[in-house]
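Text of input18.cif, listed as mmCIF, C-alpha atoms:
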```
data_work
#
loop_
_atom_site.label_atom_id
_atom_site.label_comp_id
_atom_site.auth_asym_id
_atom_site.auth_seq_id
_atom_site.Cartn_x
_atom_site.Cartn_y
_atom_site.Cartn_z
CA MET A 1 29.48 11.41 0.00
CA LYS A 2 27.27 10.48 -2.94
CA TYR A 3 25.48 7.15 -3.03
CA PRO A 4 25.80 5.22 -6.30
CA CYS A 5 22.35 4.42 -7.64
CA ARG A 6 21.16 2.84 -10.84
CA ILE A 7 18.29 4.68 -12.59
CA LEU A 8 15.80 2.72 -14.70
CA ARG A 9 13.18 4.40 -16.86
CA THR A 10 11.23 1.44 -18.11
CA GLY A 11 8.20 3.13 -19.70
CA PHE A 12 4.75 1.55 -19.71
CA ASP A 13 4.04 -2.09 -18.94
CA THR A 14 1.28 -4.26 -17.59
CA ALA A 15 0.51 -4.29 -13.88
CA TYR A 16 1.79 -7.87 -13.65
CA PHE A 17 5.12 -7.12 -15.31
CA ASN A 18 5.56 -3.91 -13.33
CA MET A 19 5.16 -5.70 -10.01
CA GLY A 20 7.34 -8.54 -11.30
CA LEU A 21 10.13 -6.14 -12.24
CA ASP A 22 10.02 -4.43 -8.84
CA GLU A 23 10.45 -7.82 -7.18
CA ALA A 24 13.12 -8.93 -9.67
CA VAL A 25 15.12 -5.74 -9.01
CA LEU A 26 14.77 -6.32 -5.28
CA GLU A 27 16.25 -9.77 -5.73
CA SER A 28 19.14 -8.57 -7.86
CA VAL A 29 20.00 -5.75 -5.44
CA ALA A 30 19.72 -8.22 -2.54
CA SER A 31 22.12 -10.60 -4.26
CA GLY A 32 24.60 -7.80 -4.83
CA SER A 33 24.45 -8.15 -8.59
CA SER A 34 22.85 -4.72 -9.03
CA LEU A 35 23.37 -1.33 -7.42
CA PRO A 36 20.64 0.27 -5.33
CA THR A 37 18.03 1.13 -7.93
CA LEU A 38 15.52 3.88 -8.57
CA ARG A 39 12.99 3.08 -11.27
CA PHE A 40 10.29 5.18 -12.97
CA TYR A 41 7.42 3.59 -14.86
CA GLY A 42 3.81 3.72 -16.00
CA TRP A 43 0.96 1.25 -16.42
CA LYS A 44 -0.62 0.02 -19.66
CA PRO A 45 -3.37 -1.00 -19.52
CA ARG A 46 -4.54 1.05 -16.59
CA ALA A 47 -4.70 -0.90 -13.36
CA ILE A 48 -5.56 -0.90 -9.70
CA SER A 49 -2.92 -2.18 -7.34
CA LEU A 50 -4.13 -3.56 -4.07
CA GLY A 51 -2.20 -3.51 -0.80
CA TYR A 52 -0.89 -6.86 0.43
CA PHE A 53 -3.36 -7.05 3.32
CA GLN A 54 -6.43 -5.70 1.58
CA GLY A 55 -9.45 -7.80 0.71
CA ILE A 56 -10.10 -7.48 -3.00
CA ARG A 57 -13.88 -7.56 -2.65
CA ASP A 58 -13.68 -5.07 0.23
CA GLU A 59 -11.84 -2.48 -1.79
CA ILE A 60 -12.53 -2.91 -5.49
CA ASP A 61 -15.56 -3.26 -7.74
CA VAL A 62 -14.04 -6.10 -9.75
CA GLU A 63 -16.80 -6.16 -12.36
CA ALA A 64 -16.55 -2.39 -12.92
CA CYS A 65 -12.79 -2.79 -13.44
CA HIS A 66 -13.45 -5.39 -16.14
CA GLU A 67 -15.96 -3.08 -17.82
CA HIS A 68 -13.51 -0.16 -17.73
CA GLY A 69 -10.57 -2.26 -19.00
CA VAL A 70 -8.69 -1.84 -15.75
CA ASP A 71 -6.44 -4.67 -14.60
CA ILE A 72 -6.09 -5.63 -10.94
CA VAL A 73 -2.88 -6.67 -9.24
CA ARG A 74 -1.89 -7.29 -5.62
CA ARG A 75 1.34 -5.69 -4.43
CA ILE A 76 3.96 -7.23 -2.18
CA THR A 77 3.73 -4.05 -0.10
CA GLY A 78 1.00 -3.05 2.35
CA GLY A 79 -0.94 0.17 2.08
CA GLY A 80 -4.08 1.03 0.18
CA ALA A 81 -5.52 0.43 -3.26
CA VAL A 82 -4.21 2.76 -5.98
CA PHE A 83 -5.74 3.55 -9.37
CA HIS A 84 -2.82 3.75 -11.79
CA ASP A 85 -4.10 5.91 -14.63
CA ALA A 86 -2.51 9.26 -15.45
CA GLU A 87 0.36 9.09 -13.02
CA LEU A 88 4.04 8.32 -12.60
CA THR A 89 5.10 5.41 -10.45
CA TYR A 90 8.56 5.06 -8.93
CA SER A 91 10.21 2.28 -7.01
CA ILE A 92 13.42 2.38 -5.03
CA VAL A 93 15.38 -0.60 -3.73
CA ILE A 94 18.15 -0.13 -1.17
CA PRO A 95 19.93 -2.69 1.01
CA GLU A 96 19.05 -2.51 4.69
CA GLY A 97 21.90 -0.95 6.62
CA HIS A 98 22.43 1.66 3.88
CA PRO A 99 22.23 5.21 5.31
CA LEU A 100 19.07 5.78 3.24
CA ALA A 101 17.37 2.69 4.68
CA PRO A 102 17.11 3.02 8.46
CA PRO A 103 15.46 0.16 10.38
CA SER A 104 12.28 2.11 11.17
CA ILE A 105 9.70 2.03 8.38
CA LEU A 106 8.34 5.40 9.50
CA ASP A 107 11.79 6.99 9.47
CA SER A 108 12.57 5.64 6.03
CA TYR A 109 9.28 6.91 4.61
CA GLY A 110 10.36 10.37 5.71
CA ILE A 111 13.78 10.06 4.10
CA LEU A 112 12.66 8.60 0.78
CA CYS A 113 9.56 10.74 0.37
CA ALA A 114 11.85 13.77 0.48
CA GLY A 115 12.83 12.76 -3.07
CA ILE A 116 9.29 13.26 -4.28
CA ILE A 117 8.87 16.51 -2.38
CA GLU A 118 12.07 17.79 -4.03
CA GLY A 119 10.84 16.51 -7.41
CA LEU A 120 7.57 18.38 -6.98
CA LYS A 121 9.59 21.48 -6.10
CA GLU A 122 11.34 21.09 -9.48
CA LEU A 123 7.86 21.43 -10.98
CA GLY A 124 7.13 24.52 -8.89
CA ILE A 125 4.90 22.71 -6.42
CA VAL A 126 5.18 23.05 -2.66
CA SER A 127 4.33 19.85 -0.80
CA GLU A 128 4.99 18.13 2.48
CA PHE A 129 5.24 14.67 3.96
CA SER A 130 2.06 13.57 5.70
CA PRO A 131 2.82 10.54 7.86
CA ILE A 132 2.35 7.64 7.62
CA ASN A 133 2.96 7.40 3.89
CA ASP A 134 1.45 10.28 1.94
CA ILE A 135 2.61 13.53 0.40
CA VAL A 136 0.18 16.41 0.31
CA SER A 137 0.08 19.75 -1.46
CA GLY A 138 -2.30 22.39 -0.19
CA GLY A 139 -3.63 19.79 2.22
CA LYS A 140 -4.58 17.40 -0.59
CA LYS A 141 -2.95 14.06 -1.35
CA ILE A 142 -0.79 14.01 -4.47
CA SER A 143 1.38 10.98 -3.73
CA GLY A 144 0.89 7.69 -1.89
CA ASN A 145 3.75 5.38 -0.98
CA ALA A 146 4.18 1.82 0.24
CA GLN A 147 7.16 -0.05 1.59
CA THR A 148 8.33 -3.55 2.46
CA ARG A 149 11.55 -5.22 3.54
CA LYS A 150 12.58 -8.51 1.97
CA ARG A 151 15.83 -10.42 1.53
CA GLY A 152 17.71 -7.72 3.40
CA CYS A 153 16.47 -4.93 1.16
CA LEU A 154 13.99 -2.11 1.42
CA LEU A 155 11.57 -1.69 -1.47
CA GLN A 156 9.43 1.42 -1.58
CA HIS A 157 7.15 2.28 -4.44
CA GLY A 158 4.71 5.11 -4.86
CA THR A 159 2.90 7.36 -7.27
CA VAL A 160 2.63 10.96 -8.29
CA LEU A 161 -0.77 11.85 -9.72
CA ILE A 162 -0.45 13.68 -13.04
CA SER A 163 -4.18 14.08 -13.52
CA VAL A 164 -7.12 12.36 -11.94
CA ASP A 165 -10.72 11.55 -12.76
CA VAL A 166 -12.03 11.20 -9.22
CA ASP A 167 -15.46 10.07 -10.40
CA GLU A 168 -14.00 7.12 -12.30
CA MET A 169 -11.56 6.42 -9.47
CA PHE A 170 -14.37 6.11 -6.97
CA THR A 171 -16.46 4.04 -9.37
CA LEU A 172 -13.71 1.42 -9.34
CA LEU A 173 -12.62 1.75 -5.71
CA LYS A 174 -15.15 1.00 -3.01
CA VAL A 175 -15.46 3.68 -0.40
CA PRO A 176 -15.80 2.06 3.05
CA LYS A 177 -19.41 1.83 4.14
CA GLU A 178 -18.93 4.24 7.02
CA LYS A 179 -17.64 6.87 4.61
CA ALA A 180 -20.32 6.24 1.99
CA LEU A 181 -23.04 8.29 3.60
CA GLY A 182 -23.46 12.03 3.58
CA THR A 183 -20.57 14.31 2.94
CA MET A 184 -17.70 11.92 3.47
CA ILE A 185 -17.63 10.81 -0.17
CA SER A 186 -17.18 14.39 -1.27
CA ASP A 187 -14.50 14.74 1.36
CA VAL A 188 -12.60 11.77 -0.02
CA LYS A 189 -12.81 13.15 -3.54
CA ALA A 190 -11.81 16.61 -2.40
CA ARG A 191 -8.78 15.22 -0.58
CA VAL A 192 -7.09 14.14 -3.83
CA THR A 193 -5.23 16.46 -6.18
CA SER A 194 -2.90 16.15 -9.17
CA LEU A 195 -0.16 18.03 -11.00
CA SER A 196 -2.65 19.23 -13.61
CA ASP A 197 -5.02 20.51 -10.94
CA ILE A 198 -2.26 22.48 -9.26
CA LEU A 199 -0.44 23.74 -12.34
CA HIS A 200 -3.64 24.37 -14.36
CA SER A 201 -1.95 22.81 -17.38
CA GLU A 202 -1.09 19.43 -18.85
CA ILE A 203 2.28 17.94 -18.05
CA ALA A 204 3.95 15.04 -19.86
CA PHE A 205 4.86 11.78 -18.14
CA GLU A 206 8.50 12.12 -19.24
CA ASP A 207 8.74 15.62 -17.78
CA VAL A 208 7.42 14.39 -14.45
CA ALA A 209 9.87 11.48 -14.50
CA ALA A 210 12.76 13.87 -15.23
CA ALA A 211 11.74 16.16 -12.36
CA MET A 212 11.40 13.26 -9.94
CA GLN A 213 14.78 11.86 -10.99
CA LYS A 214 16.36 15.23 -10.24
CA GLY A 215 14.47 15.49 -6.96
CA PHE A 216 15.56 12.07 -5.73
CA ALA A 217 19.15 12.60 -6.87
CA HIS A 218 19.36 15.93 -5.07
CA SER A 219 17.59 15.10 -1.82
CA LEU A 220 19.06 11.62 -1.38
CA ASN A 221 22.49 12.66 -2.66
CA LEU A 222 22.54 10.01 -5.36
CA ASP A 223 25.27 9.44 -7.91
CA ALA A 224 22.74 8.48 -10.57
CA LEU A 225 23.74 6.11 -13.36
CA GLU A 226 21.11 5.64 -16.06
CA ASP A 227 20.81 2.03 -17.14
CA SER A 228 18.39 -0.67 -18.28
CA PRO A 229 17.17 -3.77 -16.45
CA THR A 230 19.51 -6.71 -16.91
CA HIS A 231 18.47 -9.66 -19.03
CA GLU A 232 18.12 -11.70 -15.84
CA GLU A 233 15.87 -9.08 -14.22
CA SER A 234 13.63 -8.87 -17.29
CA ALA A 235 13.36 -12.64 -17.54
CA LYS A 236 12.63 -12.95 -13.82
CA ALA A 237 10.00 -10.20 -14.06
CA LYS A 238 8.31 -11.96 -16.96
CA GLY A 239 8.24 -15.20 -15.00
CA LEU A 240 6.82 -13.52 -11.89
CA ALA A 241 4.21 -11.74 -14.02
CA GLU A 242 3.05 -15.05 -15.47
CA THR A 243 3.24 -17.28 -12.43
CA LYS A 244 2.56 -14.95 -9.50
CA PHE A 245 1.19 -11.49 -10.13
CA SER A 246 -1.42 -12.43 -12.76
CA SER A 247 -2.57 -15.55 -10.89
CA GLU A 248 -6.01 -15.57 -9.29
CA GLU A 249 -4.47 -17.29 -6.29
CA TRP A 250 -2.29 -14.22 -5.64
CA ILE A 251 -4.76 -11.52 -6.63
CA PHE A 252 -7.66 -13.03 -4.67
CA LYS A 253 -5.58 -14.23 -1.72
CA ARG A 254 -7.57 -11.98 0.63
CA MET B 255 -20.95 -15.73 16.26
CA LYS B 256 -19.54 -14.25 13.06
CA ILE B 257 -18.67 -10.57 13.16
CA GLU B 258 -17.69 -8.13 10.43
CA ALA B 259 -16.02 -5.09 11.93
CA ILE B 260 -14.63 -2.01 10.23
CA GLY B 261 -12.98 0.96 11.85
CA LYS B 262 -10.20 3.49 11.82
CA PRO B 263 -9.21 3.89 15.45
CA GLN B 264 -6.76 6.58 16.45
CA GLY B 265 -3.27 5.76 15.18
CA SER B 266 -4.53 3.05 12.85
CA LYS B 267 -5.18 2.73 9.16
CA LEU B 268 -8.59 1.43 8.10
CA LEU B 269 -9.04 -2.02 9.63
CA ARG B 270 -11.51 -4.65 8.49
CA ILE B 271 -11.91 -7.69 10.67
CA SER B 272 -13.89 -10.85 10.00
CA ALA B 273 -13.99 -12.93 13.17
CA LYS B 274 -15.87 -15.79 14.72
CA LEU B 275 -16.25 -15.32 18.47
CA SER B 276 -17.62 -17.69 21.09
CA GLU B 277 -20.89 -16.66 22.73
CA PRO B 278 -22.02 -14.93 24.78
CA LEU B 279 -20.24 -11.96 23.23
CA GLY B 280 -18.08 -10.10 25.71
CA ASP B 281 -14.63 -9.91 27.21
CA ALA B 282 -14.64 -13.67 27.88
CA SER B 283 -15.39 -14.52 24.22
CA SER B 284 -12.67 -16.55 22.52
CA ILE B 285 -11.53 -15.94 18.97
CA GLU B 286 -12.43 -19.01 16.91
CA SER B 287 -11.31 -17.55 13.58
CA ILE B 288 -10.02 -14.16 12.45
CA SER B 289 -9.07 -12.41 9.23
CA ILE B 290 -7.53 -8.94 9.48
CA ARG B 291 -7.52 -6.82 6.35
CA GLY B 292 -6.77 -3.21 5.59
CA ASP B 293 -4.22 -0.71 4.35
CA PHE B 294 -1.81 -1.13 7.24
CA PHE B 295 1.82 -2.25 6.97
CA ALA B 296 3.34 -5.32 8.62
CA VAL B 297 6.82 -6.50 7.73
CA PRO B 298 7.52 -9.33 7.05
CA GLU B 299 4.05 -9.74 5.57
CA GLU B 300 4.11 -13.55 5.56
CA LEU B 301 4.84 -13.67 9.30
CA PHE B 302 1.85 -11.46 9.98
CA GLU B 303 -0.34 -14.12 8.41
CA ALA B 304 1.18 -16.69 10.76
CA ALA B 305 0.61 -14.37 13.73
CA GLU B 306 -3.00 -13.91 12.67
CA SER B 307 -3.64 -17.63 13.04
CA ARG B 308 -1.95 -17.60 16.47
CA LEU B 309 -4.67 -15.25 17.73
CA ILE B 310 -7.13 -18.13 17.62
CA GLY B 311 -8.12 -19.13 21.13
CA THR B 312 -7.34 -15.68 22.56
CA LYS B 313 -9.95 -14.16 24.87
CA LEU B 314 -11.21 -10.81 23.69
CA ALA B 315 -10.09 -9.21 26.95
CA ASN B 316 -6.50 -10.21 26.16
CA LEU B 317 -6.52 -9.47 22.43
CA ALA B 318 -4.63 -6.18 22.53
CA THR B 319 -1.84 -7.51 24.74
CA VAL B 320 -1.54 -10.81 22.89
CA PHE B 321 -1.41 -9.09 19.49
CA ASP B 322 1.26 -6.59 20.58
CA SER B 323 3.29 -9.37 22.23
CA LEU B 324 3.09 -11.54 19.12
CA MET B 325 4.34 -8.69 16.93
CA ALA B 326 7.29 -8.16 19.27
CA GLU B 327 8.04 -11.87 19.71
CA MET B 328 7.89 -12.57 15.96
CA HIS B 329 9.86 -9.39 15.09
CA ILE B 330 7.07 -8.04 12.93
CA GLN B 331 7.28 -4.28 12.39
CA VAL B 332 3.75 -2.88 12.16
CA VAL B 333 2.61 0.55 11.08
CA GLY B 334 -1.04 1.61 11.14
CA ILE B 335 -2.28 -1.33 13.22
CA SER B 336 -2.04 -2.18 16.92
CA GLY B 337 -3.62 -4.38 19.53
CA PHE B 338 -5.58 -1.41 20.78
CA GLY B 339 -6.84 -0.66 17.27
CA LEU B 340 -7.99 -4.24 16.71
CA LEU B 341 -9.72 -4.48 20.06
CA SER B 342 -11.49 -1.15 19.79
CA THR B 343 -12.70 -1.96 16.26
CA LEU B 344 -14.12 -5.31 17.40
CA LYS B 345 -15.60 -3.90 20.61
CA ARG B 346 -17.40 -1.12 18.79
CA THR B 347 -19.10 -3.67 16.55
CA ILE B 348 -19.94 -5.91 19.51
CA ASP B 349 -21.47 -2.92 21.31
CA GLU B 350 -23.56 -2.14 18.23
CA ILE B 351 -24.76 -5.75 18.09
CA SER B 352 -25.66 -5.66 21.80
CA MET B 353 -27.56 -2.41 21.38
CA GLN B 354 -29.43 -3.84 18.41
CA ASP B 355 -30.31 -6.97 20.42
CA THR B 356 -31.60 -4.83 23.26
CA ALA B 357 -33.64 -2.72 20.88
CA ASN B 358 -35.12 -5.85 19.27
CA ARG B 359 -36.19 -7.17 22.66
CA LEU B 360 -37.97 -3.94 23.63
#
```
Before anything else, please render the file you have as C-alpha cells.
Amino acid sequence: MKYPCRILRTGFDTAYFNMGLDEAVLESVASGSSLPTLRFYGWKPRAISLGYFQGIRDEIDVEACHEHGVDIVRRITGGGAVFHDAELTYSIVIPEGHPLAPPSILDSYGILCAGIIEGLKELGIVSEFSPINDIVSGGKKISGNAQTRKRGCLLQHGTVLISVDVDEMFTLLKVPKEKALGTMISDVKARVTSLSDILHSEIAFEDVAAAMQKGFAHSLNLDALEDSPTHEESAKAKGLAETKFSSEEWIFKR
Amino acid sequence: MKIEAIGKPQGSKLLRISAKLSEPLGDASSIESISIRGDFFAVPEELFEAAESRLIGTKLANLATVFDSLMAEMHIQVVGISGFGLLSTLKRTIDEISMQDTANRL
C-alpha cells in the first residue's frame, strides 16, 4: 500500500519563515486539513538554527553571526545547532499512529532517515544511519536530523550538506570547551563531509531536492502529490515568523 | 554554590548544566536551581521545562532516580539524556572543584 503524501518545494526563505512554515504545516496536518507532508527548502539569508534546549550563548558566537550576515533562529525540535548554508533542508509531518510514525522517537528516526539514505543512493553515495539522529558516509556526517511530536503529529526536519566551509562553520559555532584543546577541533572538522566533497563536483540544490524526493518516495512508499502551501499555511507561517521565531524572547529563551 | 558542568556521558548527548547546590558539596547537597541545556531530545519540550523546575529541592544522591521517575510520570520521551547522565556530569565537576580546593589548601 502506498501512503498519500503532499510534496512541497518551497525554495529559499528566511530562517523565521522556514520554521514558521514547518509549524504551520504541522498544524494543518494535525487538523486534518492537509495530507502528511514532505517539504524541501533552503535558507536565505544563511542562518544557524539552534536546538530547542540549547543555550544560545553556549553554542553560537552571536556577534560573529551578525558580522557574517547569518541569522539565528531557535527550532521547536531538540538536537544541535546547524549552519544552514550550502545545503538542502527537508521536513516531514505525519500523524502519530501512521505506520511511518511509530511511538518511539529512535525507531522513527530509523524509518524516516531511510529516505535520505535512499536519496543519497540516487546520487551515487553510500551512507548509513548513525543513531541517534545522524547519517554518515565514509564515517563522516552528511546529514543531521531532529524530531518532535506536537498536536498528535510527528515533525522531523533535517539537512543534507551540499558543500561546507568548515572553517566558517566553526567560526560561528562554538566548540565545547572540552573539545577546544588539542586535536579535537580537527576531529570535529574532519567528521563533517558534503556531497561536493564526496562527488568531487558541484551539485545543484534542485538536483539534490529531486534525488531526495525520489529517495523518500521509494523508501517510505509514498504516493507523492506535488503541491504548494495553502493560503492559510502561508499566512500562519508569516505570522509565526513575525511573532515567534524572530522574537528575541524565543531566540534567547535559553 | 553555583556550578557550571559540561559533559557527554555514555549514552548522552552533550549536556550543559548550570546549577546552584547547597553546601557542603556532596551527595547530601540539595538542588536550589538548575538549568539543563544541550542537544538532547525531550518530547513534549514544554513539559521538560516543567520537570526541570521540579528537580529543585532534590538531593544530589537522588537526582538520577528522581529525574528518571519524573520523565516516566510526566510521559516525557527523552533521547540523549538520562538521570545517570545528569548525575555523572554534575559529579565530575564537583570532584574537580574538590580536587582544586584540596590543591589550593596544600
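Taking all atoms listed in the file into account, the residues near (5.4, 25.7, -9.8), no farther than 12 Å, are Glu118, Gly119, Leu120, Lys121, Glu122, Leu123, Gly124, Ile125, Val126, Ser127, Ser137, Leu195, Ser196, Asp197, Ile198, Leu199, His200, Ser201, Ile203 and Ala211 of chain A.
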Distance filter 8 Å, only C-alpha atoms, chain A against chain B, as a list in words |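 The contacting residues on chain A are Gly51, Tyr52, Phe53, Gln54, Gly55, Thr77, Gly78, Gly79, Gly80, Ala81, Ile105, Leu106, Ile132, Gln147, Thr148, Arg149, Lys150 and Arg254 of chain A.
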The PyMOL selection byres ((chain A and resi 34) around 10) resolved against shown file, as a list in words |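 So the PyMOL selection byres ((chain A and resi 34) around 10) ends up selecting Cys5, Arg6, Val25, Leu26, Glu27, Ser28, Val29, Ala30, Ser31, Gly32, Ser33, Leu35, Pro36, Thr37, Pro229, Thr230 and Glu233 of chain A.
When only C-alpha atoms are used to measure the gap to Thr171 (chain A), the shortest distance among A:Ile142, A:Leu240, A:Cys153, A:Cys65 belongs to A:Cys65.
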Figure out the distance between CA of Asp85 (chain A) and CA of Val164 (chain A), please, to one decimal in Å.
-> 7.6 Å
Do you know which residues are at most 9 Å from Leu309 (chain B) counting all atoms listed in the file, after dropping those on the same chain fewer than 6 positions away, and could you put them as an MDAnalysis selection string?
-> chainID B and resid 285:288 317 320:321 324
Could you please take those selected residues and save C-alpha atoms as a PDB file, in the coordinates of the input?
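File out.pdb, as written:
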```pdb
ATOM      1  CA  ILE B 285     -11.530 -15.940  18.970  1.00  0.00           C
ATOM      2  CA  GLU B 286     -12.430 -19.010  16.910  1.00  0.00           C
ATOM      3  CA  SER B 287     -11.310 -17.550  13.580  1.00  0.00           C
ATOM      4  CA  ILE B 288     -10.020 -14.160  12.450  1.00  0.00           C
ATOM      5  CA  LEU B 317      -6.520  -9.470  22.430  1.00  0.00           C
ATOM      6  CA  VAL B 320      -1.540 -10.810  22.890  1.00  0.00           C
ATOM      7  CA  PHE B 321      -1.410  -9.090  19.490  1.00  0.00           C
ATOM      8  CA  LEU B 324       3.090 -11.540  19.120  1.00  0.00           C
TER       9      LEU B 324
END
```
Pairwise distance for CA of His98 (chain A) and CA of Ala146 (chain A), rounded to one decimal in Å =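 Distance reported for this atom pair: 18.6 Å.
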